[in-house]
Structures are given as structure tokens and as C-alpha cells.
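Containing mmCIF, C-alpha atoms: target31.cif.
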```cif
data_protein
#
loop_
_atom_site.label_atom_id
_atom_site.label_comp_id
_atom_site.auth_asym_id
_atom_site.auth_seq_id
_atom_site.Cartn_x
_atom_site.Cartn_y
_atom_site.Cartn_z
CA MET A 1 -11.06 -7.11 7.80
CA THR A 2 -10.00 -6.44 4.23
CA ALA A 3 -9.05 -9.72 2.53
CA ILE A 4 -5.91 -9.41 0.42
CA ALA A 5 -3.98 -12.00 -1.61
CA VAL A 6 -0.36 -11.40 -2.52
CA LEU A 7 1.32 -13.28 -5.36
CA GLY A 8 4.98 -12.40 -5.21
CA SER A 9 8.55 -12.92 -4.12
CA THR A 10 9.93 -13.90 -0.74
CA ASN A 11 13.62 -13.12 -0.22
CA MET A 12 16.14 -12.92 2.56
CA ASP A 13 17.65 -9.43 2.50
CA LEU A 14 21.39 -9.29 3.13
CA VAL A 15 21.87 -5.66 4.11
CA ALA A 16 25.16 -3.78 4.43
CA TYR A 17 25.12 -0.28 5.94
CA VAL A 18 27.84 2.05 4.67
CA PRO A 19 28.64 5.77 4.98
CA LYS A 20 28.71 6.00 1.18
CA ALA A 21 27.91 3.37 -1.44
CA PRO A 22 30.97 2.08 -3.35
CA ARG A 23 31.58 3.04 -6.97
CA LEU A 24 32.41 0.37 -9.54
CA GLY A 25 35.70 -1.26 -8.55
CA GLU A 26 35.81 0.45 -5.16
CA THR A 27 35.95 -1.25 -1.75
CA VAL A 28 34.47 0.51 1.28
CA THR A 29 34.16 -0.41 4.95
CA GLY A 30 30.64 -0.95 6.23
CA ARG A 31 29.42 -0.11 9.71
CA ALA A 32 26.82 -2.89 10.11
CA PHE A 33 25.33 -5.99 8.46
CA ARG A 34 21.92 -7.62 8.92
CA THR A 35 19.94 -10.49 7.44
CA VAL A 36 16.24 -9.60 7.42
CA PRO A 37 13.18 -11.09 5.68
CA GLY A 38 12.17 -9.26 2.51
CA GLY A 39 11.08 -9.67 -1.09
CA LYS A 40 8.58 -7.28 -2.65
CA GLY A 41 5.72 -9.77 -2.37
CA ALA A 42 6.39 -10.70 1.24
CA ASN A 43 7.01 -7.05 2.11
CA GLN A 44 3.61 -6.03 0.76
CA ALA A 45 1.98 -8.95 2.56
CA VAL A 46 3.48 -7.93 5.91
CA ALA A 47 2.65 -4.25 5.32
CA ALA A 48 -0.97 -5.10 4.57
CA ALA A 49 -1.25 -7.43 7.57
CA ARG A 50 0.18 -4.82 9.93
CA ALA A 51 -2.19 -2.27 8.44
CA GLY A 52 -5.10 -4.45 9.49
CA GLY A 53 -5.69 -6.66 6.44
CA LYS A 54 -6.40 -10.39 6.36
CA VAL A 55 -3.58 -11.52 4.07
CA VAL A 56 -2.64 -14.73 2.27
CA MET A 57 0.77 -15.12 0.62
CA ILE A 58 1.26 -17.09 -2.62
CA GLY A 59 4.82 -17.88 -3.73
CA ALA A 60 7.79 -20.09 -2.85
CA VAL A 61 10.79 -20.39 -0.56
CA GLY A 62 13.72 -22.76 -0.81
CA ALA A 63 14.45 -25.87 1.23
CA ASP A 64 17.12 -24.07 3.25
CA GLU A 65 17.54 -22.19 6.52
CA PHE A 66 16.46 -18.93 4.89
CA GLY A 67 13.23 -20.61 3.77
CA VAL A 68 12.37 -21.60 7.33
CA ARG A 69 13.07 -18.10 8.61
CA LEU A 70 11.11 -16.43 5.82
CA ARG A 71 8.01 -18.55 6.44
CA SER A 72 8.25 -17.97 10.19
CA ALA A 73 8.53 -14.21 9.72
CA LEU A 74 5.37 -14.09 7.61
CA THR A 75 3.47 -16.24 10.10
CA ALA A 76 4.62 -14.03 12.98
CA ALA A 77 3.28 -10.99 11.12
CA GLY A 78 -0.13 -12.62 10.83
CA VAL A 79 0.13 -13.62 7.15
CA ASP A 80 -1.47 -16.90 6.04
CA THR A 81 1.29 -18.94 4.33
CA ALA A 82 -0.92 -21.75 3.00
CA GLY A 83 -0.04 -20.66 -0.54
CA LEU A 84 3.71 -20.40 0.14
CA ARG A 85 5.27 -23.62 -1.10
CA THR A 86 8.76 -25.00 -0.43
CA VAL A 87 10.85 -26.03 -3.43
CA GLU A 88 14.26 -27.64 -3.74
CA GLY A 89 17.28 -25.35 -3.74
CA ALA A 90 18.00 -21.94 -2.29
CA SER A 91 15.54 -19.26 -1.26
CA GLY A 92 15.63 -15.91 -3.03
CA THR A 93 18.05 -13.30 -1.73
CA ALA A 94 18.44 -9.55 -2.09
CA HIS A 95 21.84 -7.97 -1.58
CA ILE A 96 21.27 -4.41 -0.37
CA THR A 97 23.60 -1.51 0.31
CA VAL A 98 22.19 1.33 2.43
CA ASP A 99 24.11 4.61 2.77
CA ASP A 100 23.96 7.21 5.52
CA GLU A 101 21.46 9.29 3.53
CA GLY A 102 18.99 6.40 3.60
CA GLY A 103 19.44 5.60 -0.11
CA ASN A 104 19.85 2.02 -1.28
CA SER A 105 20.95 -0.15 -4.18
CA ILE A 106 19.73 -3.72 -4.55
CA ILE A 107 20.74 -6.90 -6.40
CA VAL A 108 18.06 -9.62 -6.38
CA VAL A 109 18.92 -13.30 -6.87
CA PRO A 110 15.55 -15.03 -7.50
CA GLY A 111 16.30 -18.51 -6.14
CA ALA A 112 13.04 -20.31 -5.33
CA ASN A 113 10.99 -17.43 -6.73
CA ALA A 114 12.00 -18.52 -10.24
CA ALA A 115 10.09 -21.78 -9.70
CA VAL A 116 6.78 -19.89 -9.48
CA THR A 117 5.79 -19.97 -13.15
CA GLY A 118 2.04 -20.23 -12.66
CA LEU A 119 -0.72 -20.92 -10.14
CA GLU A 120 -0.82 -24.14 -8.12
CA THR A 121 -3.83 -26.02 -6.78
CA GLY A 122 -5.75 -23.79 -4.42
CA ASP A 123 -4.16 -20.54 -5.55
CA GLU A 124 -7.07 -19.41 -7.70
CA ALA A 125 -9.46 -20.03 -4.82
CA ARG A 126 -7.23 -17.93 -2.54
CA ILE A 127 -7.31 -15.10 -5.05
CA ALA A 128 -11.08 -15.41 -5.58
CA ALA A 129 -11.66 -15.09 -1.83
CA ALA A 130 -9.78 -11.78 -1.65
CA GLY A 131 -10.91 -8.24 -2.28
CA ALA A 132 -7.60 -7.35 -3.89
CA LEU A 133 -4.60 -9.12 -5.41
CA LEU A 134 -1.18 -7.48 -5.04
CA LEU A 135 1.35 -8.27 -7.78
CA GLN A 136 4.95 -7.25 -8.47
CA LEU A 137 7.57 -8.35 -11.02
CA GLU A 138 10.05 -10.41 -8.97
CA LEU A 139 8.31 -13.62 -10.13
CA PRO A 140 8.30 -14.91 -13.71
CA LEU A 141 5.84 -12.92 -15.83
CA SER A 142 3.88 -16.08 -16.60
CA ALA A 143 2.90 -16.36 -12.93
CA VAL A 144 2.07 -12.66 -12.63
CA LEU A 145 -0.15 -12.87 -15.70
CA ALA A 146 -1.87 -16.02 -14.43
CA GLY A 147 -2.64 -14.30 -11.15
CA ALA A 148 -3.97 -11.18 -12.85
CA ARG A 149 -6.20 -13.24 -15.13
CA ALA A 150 -7.58 -15.20 -12.17
CA ALA A 151 -8.32 -11.98 -10.31
CA ARG A 152 -10.08 -10.49 -13.32
CA ALA A 153 -12.16 -13.66 -13.77
CA HIS A 154 -13.40 -13.42 -10.18
CA GLY A 155 -13.90 -9.66 -10.02
CA VAL A 156 -10.95 -9.12 -7.67
CA ARG A 157 -9.15 -5.75 -7.84
CA THR A 158 -5.61 -6.16 -9.20
CA VAL A 159 -2.89 -3.82 -7.90
CA LEU A 160 0.39 -4.11 -9.83
CA THR A 161 3.74 -2.69 -8.73
CA PRO A 162 5.86 -2.77 -11.94
CA ALA A 163 9.19 -3.42 -10.20
CA PRO A 164 11.80 -4.28 -11.21
CA ALA A 165 10.87 -2.13 -14.21
CA GLN A 166 10.49 -4.01 -17.49
CA PRO A 167 8.22 -3.94 -20.54
CA LEU A 168 4.74 -5.12 -19.58
CA PRO A 169 2.66 -7.45 -21.80
CA ALA A 170 -0.56 -5.95 -23.08
CA ASP A 171 -2.48 -8.86 -21.52
CA LEU A 172 -1.12 -8.00 -18.08
CA LEU A 173 -1.98 -4.31 -18.38
CA ALA A 174 -5.46 -5.22 -19.59
CA ALA A 175 -6.00 -7.23 -16.40
CA THR A 176 -4.62 -4.50 -14.09
CA ASP A 177 -6.99 -2.20 -12.21
CA LEU A 178 -4.45 -0.03 -10.37
CA LEU A 179 -0.82 0.44 -11.43
CA VAL A 180 1.57 1.74 -8.73
CA PRO A 181 5.03 2.56 -10.14
CA ASN A 182 7.53 4.93 -8.61
CA GLU A 183 8.60 7.88 -10.75
CA HIS A 184 11.59 6.00 -12.19
CA GLU A 185 9.48 2.98 -13.14
CA ALA A 186 6.84 5.24 -14.68
CA ALA A 187 9.54 6.89 -16.78
CA ALA A 188 10.91 3.49 -17.85
CA LEU A 189 7.44 2.35 -18.90
CA THR A 190 6.53 5.48 -20.85
CA GLY A 191 9.78 7.21 -21.80
CA LEU A 192 8.42 10.34 -20.09
CA THR A 193 10.25 11.89 -17.13
CA ASP A 194 7.43 14.21 -16.09
CA PRO A 195 5.24 12.19 -13.68
CA LEU A 196 1.99 13.83 -14.77
CA GLN A 197 2.69 13.16 -18.44
CA ALA A 198 3.72 9.61 -17.58
CA ALA A 199 0.51 9.07 -15.63
CA GLU A 200 -1.58 10.33 -18.52
CA ALA A 201 0.23 7.98 -20.90
CA LEU A 202 -0.31 5.02 -18.55
CA LEU A 203 -4.05 5.73 -18.40
CA ALA A 204 -4.22 4.57 -22.00
CA GLU A 205 -3.37 1.09 -20.63
CA VAL A 206 -4.93 0.94 -17.14
CA PRO A 207 -7.89 2.73 -15.50
CA GLU A 208 -6.04 4.07 -12.43
CA VAL A 209 -2.42 5.00 -11.66
CA VAL A 210 -0.60 6.04 -8.50
CA ILE A 211 2.97 7.23 -9.05
CA THR A 212 4.99 7.43 -5.85
CA LEU A 213 7.33 10.43 -5.76
CA GLY A 214 9.44 9.89 -2.65
CA ALA A 215 9.71 13.12 -0.69
CA ALA A 216 7.22 14.80 -3.05
CA GLY A 217 4.41 12.39 -2.10
CA ALA A 218 2.19 10.53 -4.54
CA LEU A 219 0.34 11.40 -7.75
CA TYR A 220 -3.03 9.78 -8.50
CA ALA A 221 -4.64 9.80 -11.91
CA ALA A 222 -7.77 8.07 -13.21
CA ARG A 223 -9.66 8.10 -16.46
CA GLY A 224 -12.19 10.90 -16.52
CA ALA A 225 -10.94 12.57 -13.32
CA GLU A 226 -8.60 15.40 -12.39
CA PRO A 227 -5.13 14.28 -11.20
CA LEU A 228 -4.46 14.52 -7.48
CA THR A 229 -1.14 14.95 -5.65
CA VAL A 230 -0.87 14.06 -1.96
CA PRO A 231 2.27 15.40 -0.22
CA ALA A 232 4.47 13.15 1.88
CA PRO A 233 4.94 13.77 5.60
CA ARG A 234 8.24 15.48 6.29
CA VAL A 235 10.53 13.11 8.20
CA ARG A 236 14.23 12.30 8.34
CA ALA A 237 14.90 9.09 6.42
CA MET A 238 17.13 6.41 7.89
CA ASP A 239 16.49 3.61 5.37
CA THR A 240 14.08 3.78 2.42
CA THR A 241 14.17 0.02 1.76
CA ALA A 242 10.58 -1.28 1.32
CA ALA A 243 8.96 2.12 1.80
CA GLY A 244 7.17 1.66 -1.51
CA ASP A 245 5.97 -1.80 -0.47
CA THR A 246 4.74 -0.36 2.82
CA PHE A 247 2.81 2.25 0.86
CA VAL A 248 1.18 -0.32 -1.43
CA GLY A 249 0.19 -2.67 1.40
CA ALA A 250 -1.36 0.12 3.42
CA LEU A 251 -3.07 1.60 0.35
CA ALA A 252 -4.66 -1.75 -0.50
CA VAL A 253 -6.09 -2.03 3.01
CA ALA A 254 -7.41 1.53 2.98
CA LEU A 255 -9.09 1.10 -0.39
CA GLY A 256 -10.53 -2.26 0.68
CA GLU A 257 -12.15 -0.50 3.61
CA GLY A 258 -13.85 1.87 1.21
CA ARG A 259 -11.86 4.99 2.03
CA PRO A 260 -11.88 7.72 -0.64
CA MET A 261 -8.68 7.78 -2.66
CA PRO A 262 -7.32 11.05 -1.18
CA GLU A 263 -7.72 9.72 2.36
CA ALA A 264 -6.29 6.32 1.39
CA LEU A 265 -3.24 7.98 -0.17
CA ARG A 266 -2.61 10.13 2.90
CA TRP A 267 -2.87 7.12 5.19
CA ALA A 268 -0.56 5.01 3.01
CA SER A 269 1.93 7.90 2.87
CA ALA A 270 1.90 8.07 6.66
CA ALA A 271 2.73 4.36 6.86
CA ALA A 272 5.57 4.77 4.37
CA ALA A 273 6.94 7.80 6.22
CA LEU A 274 7.05 5.81 9.44
CA SER A 275 8.89 2.97 7.71
CA VAL A 276 11.75 5.12 6.38
CA GLN A 277 12.59 6.23 9.91
CA ARG A 278 13.50 2.66 10.85
CA PRO A 279 16.11 0.23 9.47
CA GLY A 280 15.27 -2.83 7.40
CA ALA A 281 12.36 -3.95 5.26
CA GLN A 282 9.61 -5.81 7.12
CA ASP A 283 11.05 -4.79 10.49
CA SER A 284 10.40 -1.15 9.61
CA MET A 285 6.71 -1.50 8.78
CA PRO A 286 4.28 0.17 11.20
CA THR A 287 1.23 -1.30 12.85
CA ARG A 288 -2.22 0.05 12.12
CA ALA A 289 -2.30 1.88 15.46
CA GLU A 290 1.04 3.56 14.71
CA THR A 291 -0.12 4.67 11.27
CA ASP A 292 -3.43 5.96 12.64
CA ALA A 293 -1.64 8.00 15.31
CA PHE A 294 0.94 9.39 12.89
CA ALA A 295 -1.68 10.30 10.27
CA LEU A 296 -3.81 12.00 12.93
CA ALA A 297 -0.82 13.98 14.18
CA GLY A 298 -0.04 15.00 10.61
CA ARG A 299 -3.55 16.33 10.05
CA ALA A 300 -3.34 18.30 13.28
CA ALA A 301 0.01 19.77 12.25
CA GLU A 302 -1.33 20.77 8.83
CA SER A 303 -4.04 22.82 10.50
CA GLY A 304 -1.51 24.52 12.80
CA PRO A 305 1.80 26.39 12.31
CA SER A 306 4.14 25.44 9.47
CA ARG A 307 6.31 22.43 10.19
CA THR A 308 10.03 22.06 9.82
CA GLY A 309 11.93 18.84 9.60
CA GLY A 310 14.84 16.98 8.12
CA ASN A 311 15.05 15.06 4.88
CA GLU A 312 11.55 14.53 3.54
CA ALA A 313 10.50 10.98 2.78
CA GLY A 314 7.26 9.16 2.36
CA ALA A 315 6.07 6.92 -0.45
CA ALA A 316 9.60 6.22 -1.63
CA SER A 317 10.40 2.96 -3.29
#
```
Re-express the file's structure as C-alpha cells.
Amino acid sequence: MTAIAVLGSTNMDLVAYVPKAPRLGETVTGRAFRTVPGGKGANQAVAAARAGGKVVMIGAVGADEFGVRLRSALTAAGVDTAGLRTVEGASGTAHITVDDEGGNSIIVVPGANAAVTGLETGDEARIAAAGALLLQLELPLSAVLAGARAARAHGVRTVLTPAPAQPLPADLLAATDLLVPNEHEAAALTGLTDPLQAAEALLAEVPEVVITLGAAGALYAARGAEPLTVPAPRVRAMDTTAAGDTFVGALAVALGEGRPMPEALRWASAAAALSVQRPGAQDSMPTRAETDAFALAGRAAESGPSRTGGNEAGAAS
């Protein structure tokens, strides 16, 4: 099994489903409400575990009911929570609005995640034992940088999802092996709206980049190689929440197994496409068997007649 460490956020998602998202100052009536485990770090951990990885989670939850539920959800998904500490106060929350087109808007309240300012005893050993470290930006940057430095010191591949988008310290970029922004984050980092131009600019900072493009698939670029675009499977999206995290978790497992990048991207895109057809964050993430079957069916369809479908979605974020 591919060993993966995740240093990141753990939140309870408070999700409201509405026909159309409200504008500023507007009140709308929702059709459903759910509380589901989330957080970009925990999402990637669950995605990787369901994809077949051996995963350890490093982070924090609060000493509240949400904290108990969040830890239990990770454990139930097969994630090792030895690095997930409990701190005083509230757990992190994400307040999410999902419209009938599957689009979402999110407000994150860090809660316990803000207490993770660096590595604790045992965390470096957990990172050193992994083949890859997955990082995002819902923890304080000091913790993200500490994790990246530890991974670099032990020869562990660092995969950074730069979300929520913000300026990245040069030290963090220098310790990043693979950067995985979506097209909006890539534009925020570079000031370039064309994904290919943005990827080329990012290669000045990191050796490899994957830019997720939603319905258009994913763009891969590496120093000294020709860029590669992998299309997304065509599916009808119900809820794109955590599709990007599903993609990253599955991609990390595929790369850890030694799959070539094109194959790894196709497999990760299949996992993400499955996730957008289901509601929620972690609840929507497919098992390895589901992703294998869907990816196999997709390859068979590509070799046959042209497909038709609804709204395309895949490695959305």
C-alpha cells in the first residue's frame, strides 16, 4: 500500500442546498441541510484511503461534539488519526451553499485548525515514514512550511494544494515537488488566466504542476517536458464539493504506486468524476473498486462510439 501523510484541516461542513445561491442581502429558501465531515486535509486523507492508500492524518479537532464526529469519520474511512490532536475550543467549520447546478460557495471558520502552528512530537516521524505528504492552506502557513521542510529533509514527495489561494512563501515553493492548483488558484498565483501560461510560470518555482480545469480535465506540466492535458469524464454534476480533494488523494495514491503521470491523471479524474455525482464531501468519495470500474468503462467508451452526456465535471475544485 502507498503510505501517505496528510497535514491539514479537519472541519465539519454545514451544507445548505438551494435552487440558486443568494446574492448579497438576499434571503432564499433552501431545500435541504446536512452536517458532514470535511476540511481539505481530512478530505484528501479520506480520498487517499478509499483509493487504497495507507494514510495518517496530522492536524487538530476541537473538544466538542463535532471533534468526536470528525475523528470517528476518519477512523471509519481507514485513516490513522494518531497525529490528530484534540485542543480546547471549537472544531473548524465550513459553511457551504450548493446550488442546483452543483456549484458551491464556502466560508471556512478555522476553529481548532488555527492551533496547528507547527509539528508536534511524532509528526516528523509520521511524515518520514510516508511516500508522500499532502498539504493545503487551511492551516497556518508556519505549520505547512514545517511539514514541507520535514518532507524534504526525509526525501518524501510533497504535494501542495494552494487553497485557499494566497501568496506562497519562496521557502514553501522551494520545498514543494508537485503543485496542484485549480485554474482560479493558478491565476491568483501568477496573474495569468491562461492555464498553460500559468503552468509555465509556476514551473519557475516548482518542478511539476497539475492544474485542474473542472469539466475540461487537468493540465500537467513539468520542467523539460511537453505539457499534457487529460480530459475529464463527461458526467452530470450534482455537487462539486471536494472534487478537487478527491482528485488529489487519488492522484497521490496512483503516483505512489508508480503509475505513469498520464495514467495517474486519468485515474484521479475518474475518481473526481464519480464524486461530483454524489452529494457531500467525504461521503461522495469513491472506493478504489468503484474508481477502477469507472476508469475501465471510460477507456472502453473512448475506443467505441462517441459519448453524450450531461454537464461535464471531473477534477473540479
**Message:** Quick check on the file I pasted: which residues fall under the PyMOL selection byres ((chain A and resi 104) around 12)? Write them as a PyMOL selection string.
**Reply:** chain A and resi 15-22+94-103+105-107+237-243+276+279-281+316-317
*Distance query Arg266 in chain A at most 7 Å, only C-alpha atoms, self and fewer than 4 positions along chain excluded, as a PyMOL selection string*: chain A and resi 230+262+270
query = Applied to the shown file, which residues does the PyMOL selection byres ((chain A and resi 122) around 12) return, written as a PyMOL selection string?
reply = chain A and resi 56-58+82-85+118-121+123-129+150
Residues at most 8 Å from Gly38 in chain A, counting all atoms listed in the file, excluding those fewer than 3 positions away in the same chain, as a PDB file with C-alpha atoms, keeping the file's coordinate frame?
```
ATOM      1  CA  THR A  10       9.930 -13.900  -0.740  1.00  0.00           C
ATOM      2  CA  ASN A  11      13.620 -13.120  -0.220  1.00  0.00           C
ATOM      3  CA  MET A  12      16.140 -12.920   2.560  1.00  0.00           C
ATOM      4  CA  ASP A  13      17.650  -9.430   2.500  1.00  0.00           C
ATOM      5  CA  ALA A  42       6.390 -10.700   1.240  1.00  0.00           C
ATOM      6  CA  ASN A  43       7.010  -7.050   2.110  1.00  0.00           C
ATOM      7  CA  LEU A  70      11.110 -16.430   5.820  1.00  0.00           C
ATOM      8  CA  ALA A  94      18.440  -9.550  -2.090  1.00  0.00           C
ATOM      9  CA  ALA A 281      12.360  -3.950   5.260  1.00  0.00           C
ATOM     10  CA  GLN A 282       9.610  -5.810   7.120  1.00  0.00           C
TER      11      GLN A 282
END
```
query = What does the PyMOL selection byres ((chain A and resi 75) around 12) select in this file, as a ChimeraX atom specification?
reply = /A:37,42,45-46,49-50,55-57,68-74,76-82,84
Could you write out the selected residues, including C-alpha atoms, as an mmCIF file, in the coordinates of the input?
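Dumped to again.cif:
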```
data_model
loop_
_atom_site.group_PDB
_atom_site.id
_atom_site.type_symbol
_atom_site.label_atom_id
_atom_site.label_comp_id
_atom_site.auth_asym_id
_atom_site.auth_seq_id
_atom_site.Cartn_x
_atom_site.Cartn_y
_atom_site.Cartn_z
ATOM 1 C CA PRO A 37 13.180 -11.090 5.680
ATOM 2 C CA ALA A 42 6.390 -10.700 1.240
ATOM 3 C CA ALA A 45 1.980 -8.950 2.560
ATOM 4 C CA VAL A 46 3.480 -7.930 5.910
ATOM 5 C CA ALA A 49 -1.250 -7.430 7.570
ATOM 6 C CA ARG A 50 0.180 -4.820 9.930
ATOM 7 C CA VAL A 55 -3.580 -11.520 4.070
ATOM 8 C CA VAL A 56 -2.640 -14.730 2.270
ATOM 9 C CA MET A 57 0.770 -15.120 0.620
ATOM 10 C CA VAL A 68 12.370 -21.600 7.330
ATOM 11 C CA ARG A 69 13.070 -18.100 8.610
ATOM 12 C CA LEU A 70 11.110 -16.430 5.820
ATOM 13 C CA ARG A 71 8.010 -18.550 6.440
ATOM 14 C CA SER A 72 8.250 -17.970 10.190
ATOM 15 C CA ALA A 73 8.530 -14.210 9.720
ATOM 16 C CA LEU A 74 5.370 -14.090 7.610
ATOM 17 C CA ALA A 76 4.620 -14.030 12.980
ATOM 18 C CA ALA A 77 3.280 -10.990 11.120
ATOM 19 C CA GLY A 78 -0.130 -12.620 10.830
ATOM 20 C CA VAL A 79 0.130 -13.620 7.150
ATOM 21 C CA ASP A 80 -1.470 -16.900 6.040
ATOM 22 C CA THR A 81 1.290 -18.940 4.330
ATOM 23 C CA ALA A 82 -0.920 -21.750 3.000
ATOM 24 C CA LEU A 84 3.710 -20.400 0.140
#
```
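Candidate residues A:Arg31, A:Lys40, A:His154, A:Arg23 were compared for distance to Gly244 in chain A, and the nearest is A:Lys40, using all atoms listed in the file.
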One decimal place gives the CA of Ser284 in chain A-CA of Tyr220 in chain A separation as 25.1 Å
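The space separating CA of Asp64 in chain A from CA of Gly147 in chain A comes to 26.3 Å.
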Margin query: I want to know what sits within 9 Å of Leu178 in chain A, based on all atoms listed in the file, with residues of the same chain fewer than 5 positions away left out; could you give that as a PyMOL selection string?
Written below: chain A and resi 157-161+206-210
File dump, residues just selected, C-alpha atoms, as a PDB file, in the frame of the given file:
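And here is the file that came out, result.pdb:
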```pdb
ATOM      1  CA  ARG A 157      -9.150  -5.750  -7.840  1.00  0.00           C
ATOM      2  CA  THR A 158      -5.610  -6.160  -9.200  1.00  0.00           C
ATOM      3  CA  VAL A 159      -2.890  -3.820  -7.900  1.00  0.00           C
ATOM      4  CA  LEU A 160       0.390  -4.110  -9.830  1.00  0.00           C
ATOM      5  CA  THR A 161       3.740  -2.690  -8.730  1.00  0.00           C
ATOM      6  CA  VAL A 206      -4.930   0.940 -17.140  1.00  0.00           C
ATOM      7  CA  PRO A 207      -7.890   2.730 -15.500  1.00  0.00           C
ATOM      8  CA  GLU A 208      -6.040   4.070 -12.430  1.00  0.00           C
ATOM      9  CA  VAL A 209      -2.420   5.000 -11.660  1.00  0.00           C
ATOM     10  CA  VAL A 210      -0.600   6.040  -8.500  1.00  0.00           C
TER      11      VAL A 210
END
```
